[in-house]
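The next block is protein_30.cif, given as mmCIF, C-alpha atoms and all ligand atoms.
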data_input
#
loop_
_atom_site.label_atom_id
_atom_site.label_comp_id
_atom_site.auth_asym_id
_atom_site.auth_seq_id
_atom_site.Cartn_x
_atom_site.Cartn_y
_atom_site.Cartn_z
CA MET A 1 0.00 0.00 0.00
CA LYS A 2 1.23 3.47 -0.78
CA PHE A 3 0.26 6.85 0.57
CA SER A 4 1.13 10.27 -0.66
CA ALA A 5 1.48 12.18 2.58
CA VAL A 6 2.49 11.96 6.21
CA PRO A 7 0.01 10.13 8.47
CA ALA A 8 -2.97 12.16 9.65
CA ASP A 9 -2.86 13.77 13.07
CA GLY A 10 -3.72 11.03 15.55
CA SER A 11 -4.62 13.47 18.28
CA ARG A 12 -7.28 15.14 16.14
CA PHE A 13 -8.81 11.78 15.31
CA ALA A 14 -8.71 10.74 18.96
CA ALA A 15 -10.33 14.03 20.00
CA ALA A 16 -13.19 13.59 17.53
CA TRP A 17 -13.60 9.99 18.60
CA SER A 18 -13.76 10.91 22.27
CA ASP A 19 -16.46 13.53 21.46
CA LEU A 20 -18.65 10.66 20.25
CA ALA A 21 -17.67 8.08 22.86
CA GLY A 22 -20.33 8.99 25.42
CA VAL A 23 -23.24 9.59 23.05
CA GLY A 24 -25.94 6.93 22.84
CA ARG A 25 -24.29 4.30 24.99
CA ASP A 26 -26.60 1.36 25.65
CA ARG A 27 -26.23 0.36 29.30
CA VAL A 28 -28.36 -2.75 28.86
CA ARG A 29 -27.08 -4.22 25.59
CA GLY A 30 -23.58 -2.75 25.70
CA GLY A 31 -22.19 -0.72 22.83
CA TYR A 32 -24.33 1.99 21.28
CA SER A 33 -27.98 2.43 20.40
CA ARG A 34 -28.30 5.47 18.16
CA HIS A 35 -31.35 5.54 15.93
CA GLY A 36 -32.83 7.90 13.37
CA PHE A 37 -34.02 11.16 15.00
CA ASP A 38 -33.64 9.90 18.58
CA ASP A 39 -31.82 11.95 21.25
CA ALA A 40 -28.43 10.35 20.57
CA ASP A 41 -28.81 10.83 16.83
CA LEU A 42 -29.78 14.48 17.24
CA GLU A 43 -26.78 15.04 19.51
CA LEU A 44 -24.48 13.46 16.91
CA ARG A 45 -26.02 15.54 14.14
CA THR A 46 -25.43 18.70 16.17
CA TRP A 47 -21.85 17.59 16.76
CA PHE A 48 -21.34 16.99 13.03
CA THR A 49 -22.82 20.37 12.15
CA GLU A 50 -20.50 22.15 14.59
CA GLN A 51 -17.45 20.23 13.38
CA ALA A 52 -18.25 21.02 9.75
CA GLN A 53 -18.92 24.69 10.46
CA ARG A 54 -15.69 24.93 12.43
CA ARG A 55 -13.98 23.85 9.20
CA GLY A 56 -15.76 26.54 7.22
CA LEU A 57 -18.06 24.06 5.50
CA GLU A 58 -21.62 25.14 4.66
CA VAL A 59 -24.06 22.73 6.33
CA GLU A 60 -27.57 22.12 5.04
CA ARG A 61 -30.26 19.59 5.81
CA ASP A 62 -32.08 18.12 2.83
CA ARG A 63 -35.83 17.43 2.64
CA ASN A 64 -35.27 13.91 4.03
CA GLY A 65 -33.15 14.99 6.98
CA ASN A 66 -29.78 13.96 5.52
CA LEU A 67 -27.00 16.43 6.37
CA TRP A 68 -24.67 17.88 3.75
CA ALA A 69 -21.52 19.85 4.53
CA TRP A 70 -20.14 21.64 1.48
CA TRP A 71 -16.61 22.73 0.75
CA GLY A 72 -17.28 25.32 -1.92
CA ALA A 73 -20.71 26.16 -3.29
CA PRO A 74 -23.02 23.22 -3.99
CA GLY A 75 -22.98 22.47 -7.69
CA THR A 76 -22.90 19.81 -10.35
CA ASP A 77 -20.43 16.92 -10.64
CA ALA A 78 -19.91 17.09 -6.88
CA VAL A 79 -17.60 14.64 -5.15
CA VAL A 80 -19.45 13.39 -2.07
CA THR A 81 -18.17 11.29 0.79
CA GLY A 82 -19.72 10.38 4.14
CA SER A 83 -21.68 7.66 5.87
CA HIS A 84 -24.21 7.48 8.72
CA LEU A 85 -24.29 8.28 12.43
CA ASP A 86 -26.95 5.80 13.60
CA SER A 87 -26.26 2.26 14.85
CA VAL A 88 -27.98 -1.08 15.24
CA PRO A 89 -29.32 -1.74 18.79
CA GLY A 90 -26.22 -2.34 20.92
CA GLY A 91 -23.90 -1.75 17.96
CA GLY A 92 -20.21 -0.95 17.75
CA ALA A 93 -18.60 2.49 17.69
CA PHE A 94 -17.19 2.33 14.16
CA ASP A 95 -20.02 1.30 11.83
CA GLY A 96 -21.04 4.65 10.33
CA PRO A 97 -19.23 7.23 12.48
CA LEU A 98 -15.83 6.09 11.19
CA GLY A 99 -16.83 7.25 7.69
CA VAL A 100 -18.08 10.59 9.01
CA VAL A 101 -15.09 11.34 11.26
CA SER A 102 -12.67 10.21 8.52
CA ALA A 103 -14.39 12.52 6.04
CA LEU A 104 -13.98 15.53 8.35
CA LEU A 105 -10.31 14.69 8.93
CA ALA A 106 -9.76 14.06 5.22
CA VAL A 107 -10.91 17.65 4.60
CA ASP A 108 -8.33 18.83 7.16
CA GLU A 109 -5.72 16.73 5.41
CA LEU A 110 -6.58 18.14 1.98
CA ARG A 111 -6.30 21.67 3.39
CA LEU A 112 -2.87 20.79 4.80
CA ARG A 113 -1.91 19.63 1.34
CA GLY A 114 -2.93 23.04 0.02
CA LEU A 115 -5.62 21.61 -2.22
CA THR A 116 -8.27 23.83 -3.77
CA PRO A 117 -10.97 21.51 -5.12
CA ALA A 118 -11.88 22.13 -8.74
CA LYS A 119 -15.26 20.49 -8.06
CA PRO A 120 -17.76 20.90 -5.21
CA LEU A 121 -16.93 18.54 -2.35
CA ALA A 122 -19.45 17.48 0.29
CA ILE A 123 -19.69 15.28 3.36
CA ALA A 124 -23.09 13.59 3.70
CA CYS A 125 -24.65 11.97 6.79
CA PHE A 126 -27.59 9.78 5.84
CA VAL A 127 -30.55 9.24 8.19
CA GLU A 128 -31.29 5.81 9.77
CA GLU A 129 -28.97 3.67 7.66
CA GLU A 130 -29.38 0.66 9.92
CA GLY A 131 -33.15 0.75 10.11
CA GLY A 132 -32.73 0.07 13.83
CA ARG A 133 -35.69 2.22 14.81
CA PHE A 134 -38.20 2.09 11.95
CA GLY A 135 -37.20 -1.17 10.26
CA LEU A 136 -36.24 0.27 6.88
CA PRO A 137 -32.47 0.30 6.28
CA CYS A 138 -30.93 3.19 4.33
CA MET A 139 -34.04 5.27 4.92
CA GLY A 140 -32.46 8.63 4.09
CA SER A 141 -30.73 7.52 0.90
CA ARG A 142 -33.73 5.47 -0.24
CA LEU A 143 -36.03 8.45 0.18
CA MET A 144 -33.61 10.73 -1.67
CA THR A 145 -33.22 8.36 -4.62
CA GLY A 146 -36.90 7.44 -4.79
CA ALA A 147 -36.22 3.84 -3.79
CA ALA A 148 -38.70 4.16 -0.90
CA ASP A 149 -42.23 5.53 -1.08
CA PRO A 150 -42.47 8.60 1.21
CA ASP A 151 -46.10 7.87 2.18
CA THR A 152 -45.13 4.39 3.36
CA VAL A 153 -42.03 5.67 5.16
CA ARG A 154 -43.88 8.46 6.98
CA ARG A 155 -46.23 5.86 8.45
CA LEU A 156 -43.54 3.44 9.70
CA HIS A 157 -43.56 3.17 13.49
CA ASP A 158 -40.93 2.42 16.10
CA GLN A 159 -41.47 0.11 19.07
CA ASP A 160 -43.07 2.96 21.06
CA ASP A 161 -45.54 3.61 18.24
CA VAL A 162 -43.83 6.86 17.20
CA SER A 163 -44.14 7.34 13.45
CA VAL A 164 -41.35 8.54 11.15
CA ALA A 165 -43.47 11.64 10.53
CA ASP A 166 -43.68 12.43 14.25
CA ALA A 167 -39.99 11.70 14.83
CA ALA A 168 -39.02 13.93 11.89
CA ARG A 169 -41.29 16.72 13.14
CA ARG A 170 -39.66 16.52 16.58
CA ALA A 171 -36.28 16.91 14.86
CA GLY A 172 -37.57 20.08 13.19
CA LEU A 173 -38.07 18.49 9.78
CA ASP A 174 -41.32 18.85 7.82
CA PRO A 175 -42.35 15.26 7.01
CA ALA A 176 -44.54 16.47 4.14
CA GLY A 177 -41.36 17.38 2.28
CA MET A 178 -39.90 13.89 2.45
CA GLY A 179 -39.41 12.13 -0.88
CA PRO A 180 -37.30 11.96 -4.02
CA ASP A 181 -34.71 14.68 -4.48
CA PRO A 182 -33.75 14.34 -8.17
CA ALA A 183 -31.91 17.66 -8.42
CA ARG A 184 -29.66 16.81 -5.48
CA LEU A 185 -29.06 13.33 -6.81
CA ALA A 186 -28.20 14.70 -10.26
CA SER A 187 -25.64 17.06 -8.72
CA ILE A 188 -23.55 14.17 -7.36
CA GLY A 189 -20.76 13.15 -9.72
CA THR A 190 -19.18 10.51 -7.47
CA PHE A 191 -19.95 9.07 -4.05
CA VAL A 192 -17.31 7.38 -1.88
CA GLU A 193 -18.16 5.88 1.52
CA LEU A 194 -15.42 4.91 3.93
CA HIS A 195 -16.56 2.18 6.32
CA VAL A 196 -15.17 -0.21 8.89
CA GLU A 197 -14.89 -3.72 7.45
CA GLN A 198 -17.59 -5.92 8.91
CA GLY A 199 -16.32 -9.43 8.39
CA ARG A 200 -13.16 -11.33 7.54
CA LEU A 201 -13.14 -10.91 3.77
CA LEU A 202 -10.37 -8.31 3.78
CA GLN A 203 -8.18 -10.45 6.06
CA ASN A 204 -8.84 -13.42 3.79
CA ALA A 205 -8.03 -11.46 0.62
CA ASP A 206 -4.77 -10.03 1.99
CA ALA A 207 -3.70 -10.58 5.59
CA ALA A 208 -1.49 -7.47 5.50
CA ALA A 209 -4.01 -5.09 3.91
CA VAL A 210 -5.27 -2.19 6.02
CA ILE A 211 -7.61 -0.89 3.29
CA GLY A 212 -9.94 -2.66 0.85
CA ILE A 213 -12.13 -1.42 -1.99
CA GLY A 214 -15.72 -2.67 -2.34
CA SER A 215 -16.75 -4.55 -5.47
CA GLU A 216 -20.35 -5.49 -4.72
CA ILE A 217 -23.05 -5.94 -2.06
CA LEU A 218 -25.06 -9.15 -1.81
CA ALA A 219 -28.80 -9.07 -2.44
CA HIS A 220 -30.40 -8.71 0.99
CA GLY A 221 -33.78 -8.29 2.61
CA ARG A 222 -35.80 -8.33 5.82
CA TRP A 223 -39.04 -10.10 6.48
CA ARG A 224 -41.33 -9.90 9.50
CA LEU A 225 -43.19 -13.05 10.47
CA THR A 226 -46.10 -12.92 12.88
CA VAL A 227 -47.14 -16.30 14.28
CA THR A 228 -50.44 -16.24 16.16
CA GLY A 229 -51.56 -18.93 18.59
CA GLN A 230 -53.46 -18.92 21.87
CA GLY A 231 -52.08 -17.28 24.98
CA ASN A 232 -52.52 -19.49 28.02
CA HIS A 233 -51.26 -20.59 31.44
CA ALA A 234 -47.86 -22.30 31.39
CA GLY A 235 -48.79 -24.45 34.39
CA THR A 236 -52.29 -25.63 33.61
CA THR A 237 -52.39 -26.08 29.84
CA ARG A 238 -51.88 -29.68 28.72
CA PRO A 239 -49.64 -30.31 25.67
CA ALA A 240 -52.65 -31.35 23.57
CA ASP A 241 -54.46 -28.09 24.40
CA ARG A 242 -51.59 -25.80 23.45
CA MET A 243 -51.41 -23.53 20.42
CA ASP A 244 -47.92 -22.25 21.13
CA PRO A 245 -46.52 -19.86 18.48
CA MET A 246 -43.00 -20.34 19.88
CA LEU A 247 -42.72 -23.69 18.08
CA PRO A 248 -43.19 -22.32 14.56
CA ALA A 249 -40.87 -19.47 15.57
CA ALA A 250 -38.24 -22.01 16.59
CA ALA A 251 -38.71 -23.73 13.23
CA ALA A 252 -37.72 -20.46 11.54
CA VAL A 253 -34.44 -20.34 13.49
CA PHE A 254 -33.51 -23.91 12.54
CA ALA A 255 -34.68 -23.61 8.93
CA ALA A 256 -32.52 -20.49 8.52
CA ARG A 257 -29.43 -22.42 9.59
CA GLN A 258 -30.38 -25.35 7.38
CA GLU A 259 -30.85 -23.13 4.30
CA MET A 260 -27.39 -21.62 4.82
CA GLY A 261 -25.99 -25.11 4.44
CA ARG A 262 -27.93 -25.65 1.22
CA HIS A 263 -26.81 -22.50 -0.60
CA LEU A 264 -23.13 -21.63 -0.81
CA GLY A 265 -22.54 -17.99 0.09
CA ALA A 266 -26.00 -17.51 1.60
CA VAL A 267 -26.63 -16.16 5.09
CA ALA A 268 -29.97 -16.34 6.89
CA THR A 269 -30.56 -15.06 10.41
CA VAL A 270 -33.32 -14.68 12.97
CA GLY A 271 -31.78 -11.98 15.16
CA ARG A 272 -34.88 -10.51 16.68
CA ILE A 273 -37.83 -12.29 18.24
CA ASN A 274 -40.65 -10.78 20.23
CA PRO A 275 -43.06 -13.06 22.12
CA ILE A 276 -46.33 -11.43 23.12
CA PRO A 277 -46.99 -10.86 25.99
CA GLY A 278 -43.55 -12.18 27.01
CA GLY A 279 -44.14 -13.68 30.45
CA THR A 280 -42.12 -16.53 31.95
CA ASN A 281 -45.24 -18.39 33.08
CA VAL A 282 -47.25 -17.54 29.98
CA ILE A 283 -47.65 -19.44 26.72
CA ALA A 284 -47.29 -16.65 24.16
CA SER A 285 -50.37 -15.60 22.22
CA ALA A 286 -48.23 -14.44 19.31
CA VAL A 287 -44.59 -14.19 18.29
CA GLN A 288 -43.10 -11.64 15.96
CA LEU A 289 -39.74 -12.49 14.45
CA TRP A 290 -37.56 -10.89 11.86
CA LEU A 291 -35.72 -12.79 9.18
CA ASP A 292 -32.60 -11.39 7.45
CA VAL A 293 -31.52 -13.25 4.30
CA ARG A 294 -28.65 -12.44 1.93
CA HIS A 295 -27.10 -14.05 -1.16
CA GLU A 296 -25.50 -12.72 -4.33
CA SER A 297 -28.64 -13.74 -6.25
CA ALA A 298 -31.98 -12.08 -5.42
CA HIS A 299 -33.66 -15.18 -6.87
CA VAL A 300 -31.85 -17.52 -4.49
CA THR A 301 -32.58 -15.11 -1.62
CA ALA A 302 -36.30 -15.30 -2.37
CA GLY A 303 -36.11 -19.10 -2.57
CA ILE A 304 -34.45 -19.29 0.85
CA VAL A 305 -37.16 -17.10 2.37
CA ASP A 306 -39.84 -19.31 0.79
CA ALA A 307 -38.23 -22.44 2.24
CA ILE A 308 -37.99 -20.95 5.73
CA VAL A 309 -41.58 -19.70 5.61
CA ALA A 310 -42.72 -23.15 4.44
CA ALA A 311 -41.02 -24.73 7.46
CA VAL A 312 -42.72 -22.21 9.75
CA ARG A 313 -46.13 -22.84 8.16
CA GLN A 314 -45.74 -26.59 8.50
CA GLU A 315 -45.02 -26.28 12.21
CA ALA A 316 -47.80 -23.71 12.59
CA THR A 317 -50.33 -26.05 11.06
CA ALA A 318 -49.30 -28.85 13.42
CA GLU A 319 -49.62 -26.48 16.38
CA GLY A 320 -52.88 -24.83 15.30
CA CYS A 321 -51.25 -21.45 14.73
CA THR A 322 -51.43 -19.00 11.82
CA VAL A 323 -48.58 -17.20 10.07
CA MET A 324 -48.43 -13.78 8.45
CA VAL A 325 -45.39 -12.74 6.41
CA GLN A 326 -44.50 -9.17 5.56
CA ARG A 327 -41.48 -8.08 3.54
CA GLU A 328 -39.97 -5.00 5.13
CA SER A 329 -37.25 -4.40 2.57
CA MET A 330 -35.42 -6.05 -0.30
CA THR A 331 -32.37 -4.80 -2.14
CA ASP A 332 -31.05 -6.51 -5.24
CA ARG A 333 -27.35 -7.25 -5.63
CA VAL A 334 -25.36 -4.06 -6.11
CA THR A 335 -22.22 -3.91 -8.22
CA PHE A 336 -20.13 -0.81 -7.60
CA ASP A 337 -18.76 1.14 -10.56
CA ALA A 338 -16.00 -1.15 -11.87
CA GLY A 339 -13.90 1.64 -13.41
CA LEU A 340 -13.99 3.72 -10.24
CA GLY A 341 -13.23 0.64 -8.11
CA LEU A 342 -10.20 -0.19 -10.26
CA GLN A 343 -9.03 3.42 -10.14
CA LEU A 344 -9.19 3.48 -6.32
CA SER A 345 -7.69 0.03 -5.97
CA GLU A 346 -4.68 1.13 -8.05
CA LEU A 347 -4.40 4.48 -6.29
CA LEU A 348 -4.31 2.84 -2.86
CA ALA A 349 -2.75 -0.48 -3.89
CA ALA A 350 -5.66 -2.09 -2.06
CA PRO A 351 -7.44 -5.39 -2.71
CA VAL A 352 -11.03 -5.43 -4.01
CA ILE A 353 -13.56 -7.29 -1.85
CA PRO A 354 -17.34 -7.90 -1.84
CA THR A 355 -19.51 -7.39 1.24
CA GLY A 356 -22.67 -8.88 2.67
CA ALA A 357 -23.59 -5.63 4.42
CA GLY A 358 -25.95 -3.02 3.01
CA HIS A 359 -24.80 0.61 2.75
CA ASP A 360 -26.03 4.00 1.55
CA ALA A 361 -23.33 3.71 -1.14
CA GLY A 362 -25.22 0.66 -2.41
CA VAL A 363 -28.42 2.70 -2.73
CA LEU A 364 -26.63 5.55 -4.49
CA ALA A 365 -24.79 3.15 -6.81
CA ALA A 366 -27.93 2.71 -8.92
CA HIS A 367 -27.74 6.42 -9.82
CA VAL A 368 -24.16 7.68 -9.54
CA PRO A 369 -20.70 6.07 -9.76
CA SER A 370 -20.12 4.93 -6.17
CA ALA A 371 -17.32 3.23 -4.30
CA MET A 372 -16.49 1.99 -0.83
CA VAL A 373 -13.22 2.12 1.07
CA PHE A 374 -13.04 -0.42 3.90
CA VAL A 375 -10.77 -0.10 6.93
CA ARG A 376 -9.43 -3.27 8.54
CA ASN A 377 -11.33 -4.64 11.53
CA PRO A 378 -9.12 -7.14 13.40
CA SER A 379 -12.05 -8.43 15.46
CA GLY A 380 -13.99 -9.57 12.37
CA VAL A 381 -17.05 -8.56 14.44
CA SER A 382 -19.58 -5.89 13.57
CA HIS A 383 -23.07 -4.88 14.73
CA ALA A 384 -21.80 -5.73 18.23
CA PRO A 385 -19.76 -3.89 20.88
CA GLU A 386 -16.60 -5.85 19.98
CA GLU A 387 -16.41 -4.20 16.55
CA HIS A 388 -12.98 -2.55 16.35
CA ALA A 389 -10.44 -0.71 14.27
CA GLU A 390 -6.97 0.29 15.50
CA LEU A 391 -6.20 4.00 15.66
CA THR A 392 -3.24 3.58 13.32
CA ASP A 393 -5.49 1.86 10.78
CA CYS A 394 -8.10 4.61 11.12
CA LEU A 395 -5.39 7.17 10.34
CA VAL A 396 -4.36 5.18 7.28
CA GLY A 397 -8.06 5.29 6.32
CA VAL A 398 -8.11 9.09 6.59
CA GLU A 399 -5.02 9.30 4.37
CA ALA A 400 -6.57 6.89 1.89
CA LEU A 401 -9.81 8.87 1.77
CA ALA A 402 -7.89 12.13 1.33
CA ASP A 403 -5.93 10.56 -1.55
CA VAL A 404 -9.17 9.37 -3.14
CA LEU A 405 -10.91 12.72 -2.78
CA GLU A 406 -7.87 14.59 -4.04
CA SER A 407 -7.80 12.43 -7.17
CA LEU A 408 -11.53 12.95 -7.75
CA VAL A 409 -11.88 16.71 -7.23
CA ARG A 410 -9.08 17.69 -9.56
ZN ZN B 501 -22.76 1.14 8.27
#

Show how you would write the structure in this file as structure tokens.
Amino acid sequence: MKFSAVPADGSRFAAAWSDLAGVGRDRVRGGYSRHGFDDADLELRTWFTEQAQRRGLEVERDRNGNLWAWWGAPGTDAVVTGSHLDSVPGGGAFDGPLGVVSALLAVDELRLRGLTPAKPLAIACFVEEEGGRFGLPCMGSRLMTGAADPDTVRRLHDQDDVSVADAARRAGLDPAGMGPDPARLASIGTFVELHVEQGRLLQNADAAAVIGIGSEILAHGRWRLTVTGQGNHAGTTRPADRMDPMLPAAAAVFAARQEMGRHLGAVATVGRINPIPGGTNVIASAVQLWLDVRHESAHVTAGIVDAIVAAVRQEATAEGCTVMVQRESMTDRVTFDAGLGLQLSELLAAPVIPTGAGHDAGVLAAHVPSAMVFVRNPSGVSHAPEEHAELTDCLVGVEALADVLESLVR
């Protein structure tokens, strides 16, 4: 790997990182719970705005709540970098914020290099990338690109029955304005998202590599299954009299694991399950569970979901329960711009790797040449508190992003 300048200032990175360290900590789950338009998210957005303004960047909020910090006047053929500030429930510190902090420090680095961008340059923070609060991942970028229907999005609710519209209003955003933003989209010439690596693919591709370039994102989707039975007393209800929705729910967990074994490269997960009412001495009356399935082929992904649902229905029939299936999101396989990926891979002497994780860059890739720069994660863990990147690697990431932006804004 080669870099054009001295390493970025570690103390500035550490200072920015410590600003964020206390925001949105989850005392119950560990790690962080920062979700679209919640208190932690609003605090982070304020922090970002102040940091950008301190650097002389012009900050604006678009109609969907995404933040944009401009170096130079907004205009066409803009080079945009950035990521998201929200997390999954109990997530790690790096997924999202690393891309935002690195973008701010890359601007500092470019200023140190004496660069005057020939094109508009912006840092974007997209709303609710994880879908941790309202269930729809990449909400901000999907709304902007027209990939999500604003009427449907406004009506999505969180676990406390707060709608997206109400949450947006509380954040000072007019929900009526949410929706496609074609002019903004058309102004973007290139989008580059720096992100912590979320698995072991970079280590497997090159054990010494600190940086990787994204080639593609697997097709991925989320489905909500509601299994309804009969709530009853755990002590007095004989086996023959039970209609226990936990059994079909359990079938989903096992079928997901089984389907992974049947399809090379597929992943299927039940990571969230909600028995109602959720009492130790109560047979549940209903169970909600969420299924996450990913594979390079959308067709195979759909087949895996069908097989899992069939297993759940079979168990439900035996138990006298009913099943309702609702697709919450589905994203087809995304291939990043091959020319741009090759250009960045050569510039940084970095290997090219695919990813199973969804990103705003994947949503934008359908409209503008997009790329991803991954920073090594020695833990191989993400969406959990153990997610990690070493400071020295983060600084290499800042340098790499600065090199990329410098090459693109000329
Ligand atoms: Zn992310």

In Å, how far is it from atom CA of A:Phe94 to atom CA of A:Arg12?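 Value for the atom CA of A:Phe94-atom CA of A:Arg12 distance: 16.3 Å.
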
Taking all atoms listed in the file into account, list the residues no farther than 10 Å from ligand ZN 501 (chain B), as a compact mmCIF listing (two decimals) with C-alpha atoms, keeping the file's coordinate frame.
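Output (part_6.txt):
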# COMPACT_ATOMS: atom_id res chain seq x y z
CA SER A 83 -21.68 7.66 5.87
CA HIS A 84 -24.21 7.48 8.72
CA LEU A 85 -24.29 8.28 12.43
CA ASP A 86 -26.95 5.80 13.60
CA SER A 87 -26.26 2.26 14.85
CA VAL A 88 -27.98 -1.08 15.24
CA PHE A 94 -17.19 2.33 14.16
CA ASP A 95 -20.02 1.30 11.83
CA GLY A 96 -21.04 4.65 10.33
CA PRO A 97 -19.23 7.23 12.48
CA LEU A 98 -15.83 6.09 11.19
CA GLY A 99 -16.83 7.25 7.69
CA GLU A 128 -31.29 5.81 9.77
CA GLU A 129 -28.97 3.67 7.66
CA GLU A 130 -29.38 0.66 9.92
CA PRO A 137 -32.47 0.30 6.28
CA CYS A 138 -30.93 3.19 4.33
CA GLU A 193 -18.16 5.88 1.52
CA LEU A 194 -15.42 4.91 3.93
CA HIS A 195 -16.56 2.18 6.32
CA VAL A 196 -15.17 -0.21 8.89
CA GLU A 197 -14.89 -3.72 7.45
CA GLN A 198 -17.59 -5.92 8.91
CA ALA A 357 -23.59 -5.63 4.42
CA GLY A 358 -25.95 -3.02 3.01
CA HIS A 359 -24.80 0.61 2.75
CA ASP A 360 -26.03 4.00 1.55
CA ALA A 361 -23.33 3.71 -1.14
CA SER A 382 -19.58 -5.89 13.57
CA HIS A 383 -23.07 -4.88 14.73

Surrounding residues of A:Val282 excluding itself and chain neighbours under 5 positions, 10 Å, all atoms listed in the file, as a PyMOL selection string: chain A and resi 231-235+237+275-277

Tell me which protein, DNA and RNA residues are within 8 Å of A:Val368, counting only C-alpha atoms, leaving out same-chain ones fewer than 4 positions away, and put them as a PDB file with C-alpha atoms, keeping the file's coordinate frame.
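What landed in selection_27.pdb:
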ATOM      1  CA  LEU A 185     -29.060  13.330  -6.810  1.00  0.00           C
ATOM      2  CA  ILE A 188     -23.550  14.170  -7.360  1.00  0.00           C
ATOM      3  CA  GLY A 189     -20.760  13.150  -9.720  1.00  0.00           C
ATOM      4  CA  THR A 190     -19.180  10.510  -7.470  1.00  0.00           C
ATOM      5  CA  PHE A 191     -19.950   9.070  -4.050  1.00  0.00           C
ATOM      6  CA  LEU A 364     -26.630   5.550  -4.490  1.00  0.00           C
TER       7      LEU A 364
END

So how far away is atom CA of A:Cys394 from atom CA of A:Pro89, in Å?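 Spanning atom CA of A:Pro89 to atom CA of A:Cys394 is a straight-line distance of 23.4 Å.
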
Rank nothing, just name the residue among A:Thr226, A:Asp306, A:Glu346, A:Gly10 nearest to A:Ala284, using all atoms listed in the file.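 For A:Ala284, the nearest of the candidates is A:Thr226.
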
Please report the interatomic distance between atom CA of A:Glu58 and atom CA of A:Ser102 in Å with one decimal.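 That distance, rounded to one decimal, is 17.8 Å.
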
For A:Val79, which of A:Arg272, A:Arg170, A:Arg327, A:Lys119 is the closest residue, counting only C-alpha atoms?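 Looking at the shortest contact to A:Val79, the residue is A:Lys119.
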
Do a neighbour search on A:Val404 at 9 Å with all atoms listed in the file, toss out local chain neighbours closer than 6 positions, and write the hits as a PDB file with C-alpha atoms, in the coordinates of the input.
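Full text of result.pdb as output:
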ATOM      1  CA  VAL A 192     -17.310   7.380  -1.880  1.00  0.00           C
ATOM      2  CA  LEU A 344      -9.190   3.480  -6.320  1.00  0.00           C
ATOM      3  CA  LEU A 347      -4.400   4.480  -6.290  1.00  0.00           C
ATOM      4  CA  LEU A 348      -4.310   2.840  -2.860  1.00  0.00           C
TER       5      LEU A 348
END

Quick one: residues within 9 Å of (-33.9, -13.2, -4.5) (file frame), counting only C-alpha atoms, please, as a ChimeraX atom specification. /A:219-221,294-305,330-333
